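final_1.csv (CSV, C-alpha atoms) appears below.
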chain,number,residue,atom,x,y,z
A,1,MET,CA,2.2,3.0,29.5
A,2,LYS,CA,0.6,0.0,27.8
A,3,ALA,CA,3.1,-1.9,25.6
A,4,LEU,CA,2.5,-2.0,21.8
A,5,THR,CA,2.4,-5.7,21.1
A,6,ARG,CA,-0.5,-6.5,18.7
A,7,ILE,CA,-1.2,-4.9,15.4
A,8,LEU,CA,-4.1,-5.4,13.1
A,9,MET,CA,-2.9,-4.6,9.6
A,10,VAL,CA,-5.5,-3.9,6.9
A,11,GLU,CA,-4.0,-4.1,3.4
A,12,ASP,CA,-5.3,-5.6,0.2
A,13,GLU,CA,-1.9,-5.8,-1.6
A,14,PRO,CA,-0.3,-9.2,-1.0
A,15,ASP,CA,3.2,-7.9,-1.8
A,16,ILE,CA,2.9,-5.1,0.9
A,17,GLN,CA,1.3,-7.6,3.4
A,18,ALA,CA,4.3,-9.9,3.0
A,19,VAL,CA,7.0,-7.3,3.5
A,20,ALA,CA,5.3,-5.4,6.3
A,21,GLN,CA,4.5,-8.6,8.3
A,22,ILE,CA,8.1,-9.7,8.2
A,23,ALA,CA,9.3,-6.3,9.1
A,24,LEU,CA,7.0,-5.9,12.0
A,25,GLU,CA,7.5,-9.3,13.4
A,26,THR,CA,11.2,-9.8,12.8
A,27,VAL,CA,12.5,-6.4,13.9
A,28,GLY,CA,9.6,-5.0,15.8
A,29,GLY,CA,8.8,-8.1,17.8
A,30,LEU,CA,5.1,-7.4,17.1
A,31,GLN,CA,2.2,-9.8,16.6
A,32,VAL,CA,0.5,-9.0,13.3
A,33,GLU,CA,-3.0,-10.0,12.4
A,34,MET,CA,-3.6,-9.5,8.7
A,35,CYS,CA,-6.9,-8.4,7.0
A,36,SER,CA,-7.3,-7.9,3.3
A,37,SER,CA,-10.2,-5.5,3.4
A,38,GLY,CA,-11.9,-2.9,5.5
A,39,GLN,CA,-14.9,-5.1,6.0
A,40,GLU,CA,-12.7,-8.0,7.2
A,41,ALA,CA,-11.1,-5.6,9.7
A,42,LEU,CA,-14.5,-4.5,11.0
A,43,ASP,CA,-15.5,-8.2,11.3
A,44,ARG,CA,-12.4,-9.2,13.2
A,45,VAL,CA,-11.3,-6.1,15.2
A,46,LEU,CA,-13.2,-7.0,18.5
A,47,ALA,CA,-11.9,-10.6,18.5
A,48,CYS,CA,-8.4,-9.5,17.7
A,49,ALA,CA,-8.4,-6.6,20.2
A,50,PRO,CA,-5.3,-5.0,18.7
A,51,ASP,CA,-3.3,-2.2,20.3
A,52,LEU,CA,-3.2,-0.5,17.0
A,53,ILE,CA,-4.7,-0.7,13.5
A,54,LEU,CA,-2.3,-0.1,10.6
A,55,MET,CA,-4.5,0.5,7.5
A,56,ASP,CA,-4.1,1.2,3.8
A,57,VAL,CA,-6.2,4.1,2.6
A,58,MET,CA,-7.1,3.0,-1.0
A,59,MET,CA,-8.7,-0.4,-1.0
A,60,PRO,CA,-11.4,-2.0,-3.1
A,61,GLY,CA,-14.8,-2.0,-1.4
A,62,LEU,CA,-14.7,-0.3,2.0
A,63,ASP,CA,-11.7,2.0,1.8
A,64,GLY,CA,-9.5,3.0,4.7
A,65,LEU,CA,-11.4,6.3,5.5
A,66,SER,CA,-14.8,4.6,5.4
A,67,THR,CA,-13.5,1.8,7.6
A,68,LEU,CA,-12.1,4.4,10.1
A,69,GLN,CA,-15.4,6.3,10.2
A,70,THR,CA,-17.3,3.0,10.8
A,71,LEU,CA,-14.9,2.1,13.6
A,72,ARG,CA,-15.4,5.6,15.2
A,73,ALA,CA,-19.2,5.4,14.9
A,74,ASN,CA,-19.3,2.2,17.1
A,75,PRO,CA,-18.6,2.8,20.8
A,76,GLU,CA,-17.1,-0.7,21.1
A,77,THR,CA,-14.5,0.1,18.4
A,78,ALA,CA,-14.2,3.9,18.5
A,79,GLY,CA,-11.1,3.8,20.7
A,80,PHE,CA,-8.8,1.7,18.5
A,81,PRO,CA,-5.9,3.8,17.4
A,82,VAL,CA,-5.4,3.9,13.6
A,83,ILE,CA,-2.3,4.7,11.6
A,84,PHE,CA,-2.8,5.1,7.8
A,85,MET,CA,-0.3,3.9,5.2
A,86,THR,CA,-0.7,5.8,2.0
A,87,ALA,CA,1.0,7.4,-1.0
A,88,LYS,CA,-1.2,10.5,-0.4
A,89,VAL,CA,1.2,12.3,1.9
A,90,GLN,CA,0.6,15.9,0.9
A,91,SER,CA,0.1,18.1,4.0
A,92,HIS,CA,-3.6,18.8,3.5
A,93,GLU,CA,-4.2,15.1,3.0
A,94,ILE,CA,-2.4,14.2,6.2
A,95,ALA,CA,-4.3,16.9,8.0
A,96,ARG,CA,-7.5,15.4,6.7
A,97,PHE,CA,-6.6,11.9,8.0
A,98,ILE,CA,-5.7,13.3,11.4
A,99,ASP,CA,-8.9,15.2,11.5
A,100,LEU,CA,-10.8,12.0,10.8
A,101,GLY,CA,-9.2,10.4,13.8
A,102,ALA,CA,-6.0,8.7,12.7
A,103,ILE,CA,-3.1,9.1,15.1
A,104,GLY,CA,-0.5,9.2,12.3
A,105,VAL,CA,0.3,8.6,8.6
A,106,ILE,CA,3.1,6.5,7.1
A,107,ALA,CA,4.1,7.2,3.6
A,108,LYS,CA,4.2,4.5,0.9
A,109,PRO,CA,6.6,3.4,-0.3
A,110,PHE,CA,8.1,2.7,3.2
A,111,ASP,CA,11.4,1.4,4.4
A,112,PRO,CA,10.9,-2.1,5.9
A,113,MET,CA,13.9,-1.7,8.1
A,114,THR,CA,12.4,1.3,9.9
A,115,LEU,CA,8.7,0.5,9.7
A,116,ALA,CA,8.4,-0.9,13.2
A,117,SER,CA,10.3,2.0,14.8
A,118,THR,CA,8.2,4.6,12.9
A,119,ILE,CA,5.0,3.0,14.2
A,120,ARG,CA,6.4,2.8,17.8
A,121,SER,CA,7.3,6.5,17.6
A,122,LEU,CA,3.8,7.5,16.5
A,123,TRP,CA,2.3,5.2,19.1
A,124,GLU,CA,4.4,6.7,21.9
A,125,LYS,CA,3.7,10.3,20.7
A,126,GLU,CA,0.0,9.8,20.9
A,127,ASP,CA,-1.6,9.4,24.2
A,128,VAL,CA,-4.0,6.6,23.2
A,129,ARG,CA,-3.2,4.0,25.8
A,130,SER,CA,-6.1,5.0,28.1
A,131,ARG,CA,-8.9,4.0,25.7
B,1,MET,CA,21.1,-15.7,13.4
B,2,SER,CA,20.4,-13.5,16.5
B,3,ASP,CA,20.4,-10.0,15.1
B,4,PRO,CA,16.8,-9.1,14.1
B,5,ALA,CA,18.0,-6.5,11.6
B,6,GLU,CA,20.2,-9.1,9.9
B,7,ALA,CA,17.4,-11.7,9.9
B,8,LEU,CA,15.1,-9.1,8.3
B,9,GLN,CA,17.7,-8.3,5.6
B,10,VAL,CA,17.9,-12.0,4.7
B,11,GLN,CA,14.2,-12.4,4.5
B,12,LEU,CA,13.8,-9.1,2.6
B,13,ALA,CA,16.4,-10.3,0.0
B,14,LYS,CA,14.3,-13.4,-0.6
B,15,LEU,CA,11.1,-11.4,-1.0
B,16,ARG,CA,12.8,-8.8,-3.2
B,17,LYS,CA,14.0,-11.5,-5.6
B,18,LYS,CA,10.6,-13.1,-5.8
B,19,PHE,CA,9.0,-9.6,-6.4
B,20,GLY,CA,11.6,-8.7,-9.0
B,21,LEU,CA,11.0,-11.9,-10.9
B,22,ALA,CA,7.3,-11.2,-10.9
B,23,LEU,CA,7.7,-7.7,-12.2
B,24,PRO,CA,7.6,-8.5,-15.9
B,25,GLY,CA,4.3,-10.3,-15.4
B,26,LYS,CA,2.9,-7.4,-13.4
B,27,THR,CA,3.9,-4.8,-16.0
B,28,SER,CA,2.5,-6.9,-18.8
B,29,ALA,CA,-0.8,-7.2,-17.0
B,30,ILE,CA,-1.0,-3.4,-16.6
B,31,GLY,CA,0.0,-3.0,-20.3
B,32,ALA,CA,-2.9,-5.4,-21.3
B,33,ALA,CA,-5.3,-3.6,-19.0
B,34,VAL,CA,-4.4,-0.2,-20.5
B,35,ALA,CA,-4.5,-1.5,-24.1
B,36,SER,CA,-7.9,-2.8,-23.5
B,37,LEU,CA,-9.0,0.5,-22.0
B,38,VAL,CA,-7.8,2.6,-24.9
B,39,ALA,CA,-9.0,0.3,-27.6
B,40,GLY,CA,-12.7,0.6,-27.0
B,41,PRO,CA,-15.3,3.1,-25.7
B,42,TRP,CA,-14.7,4.4,-22.2
B,43,ASN,CA,-15.4,1.7,-19.7
B,44,GLU,CA,-15.4,2.7,-16.0
B,45,GLN,CA,-14.7,-0.8,-14.7
B,46,ALA,CA,-11.8,-1.3,-17.1
B,47,CYS,CA,-10.3,2.0,-16.2
B,48,ALA,CA,-10.7,1.3,-12.5
B,49,ASP,CA,-9.0,-2.1,-12.9
B,50,ALA,CA,-6.1,-0.6,-14.8
B,51,HIS,CA,-5.8,2.2,-12.2
B,52,ARG,CA,-5.9,-0.2,-9.3
B,53,GLN,CA,-3.0,-2.3,-10.9
B,54,ALA,CA,-0.9,0.8,-11.5
B,55,HIS,CA,-1.6,2.0,-7.9
B,56,SER,CA,-0.5,-1.4,-6.5
B,57,LEU,CA,2.7,-1.5,-8.5
B,58,ALA,CA,3.5,2.1,-7.6
B,59,GLY,CA,3.1,1.4,-3.9
B,60,SER,CA,4.9,-2.0,-3.8
B,61,SER,CA,7.8,-1.3,-6.2
B,62,GLY,CA,9.3,1.4,-4.1
B,63,THR,CA,9.0,-0.6,-0.9
B,64,TYR,CA,10.8,-3.5,-2.6
B,65,GLY,CA,13.7,-1.3,-3.7
B,66,PHE,CA,12.6,-0.5,-7.3
B,67,PRO,CA,11.8,3.2,-6.9
B,68,GLU,CA,12.2,3.9,-10.6
B,69,ILE,CA,9.4,1.5,-11.4
B,70,GLY,CA,7.3,3.0,-8.7
B,71,ASP,CA,7.8,6.5,-10.1
B,72,VAL,CA,6.7,5.4,-13.6
B,73,ALA,CA,3.8,3.4,-12.3
B,74,ARG,CA,2.7,6.5,-10.3
B,75,THR,CA,2.6,8.6,-13.5
B,76,VAL,CA,0.5,5.9,-15.2
B,77,GLU,CA,-1.8,5.9,-12.1
B,78,ALA,CA,-2.2,9.7,-12.3
B,79,LEU,CA,-3.2,9.5,-16.0
B,80,LEU,CA,-5.7,6.8,-15.3
B,81,LYS,CA,-7.1,8.7,-12.3
B,82,GLN,CA,-7.7,11.7,-14.7
B,83,SER,CA,-9.7,9.4,-17.0
B,84,LEU,CA,-11.6,8.0,-14.1
B,85,GLU,CA,-12.5,11.4,-12.7
B,86,SER,CA,-13.5,12.9,-16.0
B,87,ARG,CA,-15.2,9.7,-17.1
B,88,ALA,CA,-13.6,10.1,-20.5
B,89,LEU,CA,-11.1,8.3,-22.7
B,90,LEU,CA,-7.5,9.5,-22.6
B,91,SER,CA,-6.7,12.2,-25.2
B,92,PRO,CA,-4.5,11.3,-28.1
B,93,ALA,CA,-1.5,13.0,-26.4
B,94,GLN,CA,-2.2,11.1,-23.1
B,95,LYS,CA,-2.5,7.8,-25.1
B,96,GLY,CA,0.9,8.5,-26.6
B,97,GLN,CA,2.3,9.3,-23.1
B,98,ILE,CA,0.8,6.2,-21.5
B,99,ASP,CA,2.1,4.0,-24.3
B,100,ARG,CA,5.6,5.2,-23.7
B,101,LEU,CA,5.3,4.8,-20.0
B,102,ILE,CA,4.0,1.2,-20.3
B,103,GLN,CA,7.1,0.5,-22.5
B,104,ASP,CA,9.3,2.1,-19.9
B,105,LEU,CA,7.7,-0.1,-17.3
B,106,ARG,CA,8.3,-3.2,-19.4
B,107,ASP,CA,11.9,-2.3,-19.9
B,108,LEU,CA,12.6,-1.5,-16.3
B,109,ALA,CA,10.8,-4.7,-15.2
B,110,ALA,CA,13.0,-6.8,-17.5
B,111,GLU,CA,16.1,-5.1,-16.1
B,112,ALA,CA,15.0,-5.6,-12.5
B,113,ALA,CA,14.3,-9.3,-13.1
B,114,GLN,CA,17.8,-9.7,-14.6
B,115,ARG,CA,19.3,-7.8,-11.7
B,116,VAL,CA,17.7,-10.0,-9.0
B,117,THR,CA,19.0,-13.2,-10.7
B,118,ALA,CA,22.5,-11.9,-11.3

Entire entry expressed as structure tokens:
Amino acid sequence: MKALTRILMVEDEPDIQAVAQIALETVGGLQVEMCSSGQEALDRVLACAPDLILMDVMMPGLDGLSTLQTLRANPETAGFPVIFMTAKVQSHEIARFIDLGAIGVIAKPFDPMTLASTIRSLWEKEDVRSR
Amino acid sequence: MSDPAEALQVQLAKLRKKFGLALPGKTSAIGAAVASLVAGPWNEQACADAHRQAHSLAGSSGTYGFPEIGDVARTVEALLKQSLESRALLSPAQKGQIDRLIQDLRDLAAEAAQRVTA
């Protein structure tokens, strides 16, 4: 099993960036690369080569769903696993995100103390390491 | 400090204080955006801006430990989303509701800022 070490986080809200980065690095021991938009994520994803992309759904410009679809449409980026962070956590919305190719959904607001363990749990549940 | 959870608690406390002190400014900005929106003819960009600010506050407040502010902001966000989707001004009843919600946000933000400095 490949270890989860590097995350590309895509989030436009600086307050959420700050708390998530500290939570993932301090407790999770993860390396976090931060992007503020879907387009920035697309521009940087190959160079960053993350084990996982943690992405907000609602962002100005290219939103999370469009970013995921663009990632999936490119053979070079299609295999990067994506977890969405969103306040839209009704079951039909979660099902839609999973159908589009996300491996999991984390509800906002989230608990910074358990964010890293939640992500690891989703990561381990999904057999995505062989991309 | 070797315990990562303890280290995180310390860092989160600093971030929470900073966020709490910024809350009155954030709620004032939403209030101004909403006031501008309801004062004139329907303006998609103004509505989208106000909706975006309410959405950001709703998402971040709960994460920083101010769930009551997040809940009110979420209701403001929902009202603005209705306006965005219908491309129409809020009804008089909705205007009254959003005015009360904005005042609630201001009050809660002031309380939160006091709490983090106590």

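Relative to atom CA of A:Thr67, atom CA of A:Gln21 is found at 20.8 Å.
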
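Residues within 10 Å of stretch 91-95 of chain B, counting all atoms listed in the file and excluding same-chain residues fewer than 6 positions away, are Val34, Ala35, Val38, Val76, Leu79, Leu80, Ser83 and Leu101 of chain B.
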
>> Can you work out which residues from chain B touch chain A at a cut-off of 7 Å (counting only C-alpha atoms) and hand them back as JSON, numbers by chain?
In response: {"B": [4, 5, 8, 56, 59, 60, 62, 63]}

Write out, as a compact mmCIF listing (two decimals), keeping the file's coordinate frame, the residues just selected, with C-alpha atoms.
# COMPACT_ATOMS: atom_id res chain seq x y z
CA PRO B 4 16.80 -9.10 14.10
CA ALA B 5 18.00 -6.50 11.60
CA LEU B 8 15.10 -9.10 8.30
CA SER B 56 -0.50 -1.40 -6.50
CA GLY B 59 3.10 1.40 -3.90
CA SER B 60 4.90 -2.00 -3.80
CA GLY B 62 9.30 1.40 -4.10
CA THR B 63 9.00 -0.60 -0.90

>> Can you tell me which residues surround A:Ala102 at a distance of at most 8 Å, considering only C-alpha atoms, apart from same-chain residues fewer than 2 positions away, and format the answer as a PyMOL selection string?
In response: chain A and resi 68+81-84+97-100+104-105

Just to be explicit: take each residue in the selection above, keep C-alpha atoms, and write the result as a PDB file, in the coordinates of the input.
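And here's result.pdb as it stands now:
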ATOM      1  CA  LEU A  68     -12.100   4.400  10.100  1.00  0.00           C
ATOM      2  CA  PRO A  81      -5.900   3.800  17.400  1.00  0.00           C
ATOM      3  CA  VAL A  82      -5.400   3.900  13.600  1.00  0.00           C
ATOM      4  CA  ILE A  83      -2.300   4.700  11.600  1.00  0.00           C
ATOM      5  CA  PHE A  84      -2.800   5.100   7.800  1.00  0.00           C
ATOM      6  CA  PHE A  97      -6.600  11.900   8.000  1.00  0.00           C
ATOM      7  CA  ILE A  98      -5.700  13.300  11.400  1.00  0.00           C
ATOM      8  CA  ASP A  99      -8.900  15.200  11.500  1.00  0.00           C
ATOM      9  CA  LEU A 100     -10.800  12.000  10.800  1.00  0.00           C
ATOM     10  CA  GLY A 104      -0.500   9.200  12.300  1.00  0.00           C
ATOM     11  CA  VAL A 105       0.300   8.600   8.600  1.00  0.00           C
TER      12      VAL A 105
END

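The space between atom CA of B:Lys18 and atom CA of B:Thr117 spans 9.7 Å.
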
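When only C-alpha atoms are used to compute distances to B:Ala46, the closest of the residues B:Arg87, B:Thr27, B:Tyr64, B:Leu12 turns out to be B:Arg87.
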
For A:Glu11, work out the shell of residues within 8 Å, counting all atoms listed in the file and skipping chain neighbours fewer than 6 positions away, then give it as a compact mmCIF listing (two decimals) with C-alpha atoms, in the coordinates of the input.
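After the write, result.txt holds the following:
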# COMPACT_ATOMS: atom_id res chain seq x y z
CA GLN A 17 1.30 -7.60 3.40
CA MET A 34 -3.60 -9.50 8.70
CA CYS A 35 -6.90 -8.40 7.00
CA SER A 36 -7.30 -7.90 3.30
CA SER A 37 -10.20 -5.50 3.40
CA MET A 55 -4.50 0.50 7.50
CA ASP A 56 -4.10 1.20 3.80
CA MET A 59 -8.70 -0.40 -1.00

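When atom CA of B:Lys81 is paired with atom CA of A:Ile119, their separation reads 29.7 Å.
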
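When all atoms listed in the file are used to compute distances to A:Leu62, the closest of the residues A:Glu126, A:Glu40, A:Glu33, A:Glu93 turns out to be A:Glu40.
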
Taking (-1.9, 2.1, -10.1) in the file's coordinates, which residues come within 9 Å, counting all atoms listed in the file, written as a CSV table (one decimal) with C-alpha atoms, in the frame of the given file?
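Saved as out-v1.csv:
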chain,number,residue,atom,x,y,z
B,30,ILE,CA,-1.0,-3.4,-16.6
B,49,ASP,CA,-9.0,-2.1,-12.9
B,50,ALA,CA,-6.1,-0.6,-14.8
B,51,HIS,CA,-5.8,2.2,-12.2
B,52,ARG,CA,-5.9,-0.2,-9.3
B,53,GLN,CA,-3.0,-2.3,-10.9
B,54,ALA,CA,-0.9,0.8,-11.5
B,55,HIS,CA,-1.6,2.0,-7.9
B,56,SER,CA,-0.5,-1.4,-6.5
B,57,LEU,CA,2.7,-1.5,-8.5
B,58,ALA,CA,3.5,2.1,-7.6
B,59,GLY,CA,3.1,1.4,-3.9
B,73,ALA,CA,3.8,3.4,-12.3
B,74,ARG,CA,2.7,6.5,-10.3
B,75,THR,CA,2.6,8.6,-13.5
B,76,VAL,CA,0.5,5.9,-15.2
B,77,GLU,CA,-1.8,5.9,-12.1
B,78,ALA,CA,-2.2,9.7,-12.3
B,80,LEU,CA,-5.7,6.8,-15.3
B,81,LYS,CA,-7.1,8.7,-12.3

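Non-sequential neighbours of A:Arg120 (distance at most 12 Å, separation of 2 or more positions within a chain, all atoms listed in the file) are A:Lys2, A:Ala3, A:Leu4, A:Thr5, A:Arg6, A:Ile7, A:Leu24, A:Val27, A:Gly28, A:Gly29, A:Leu30, A:Asp51, A:Leu52, A:Leu54, A:Ile83, A:Ile103, A:Gly104, A:Ile106, A:Thr114, A:Leu115, A:Ala116, A:Ser117, A:Thr118, A:Leu122, A:Trp123, A:Glu124, A:Lys125, A:Glu126.
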
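Closest approach to A:Val32 from the set A:Met85, A:Ala95, A:Leu65, A:Met9 is made by A:Met9, with distances taken over all atoms listed in the file.
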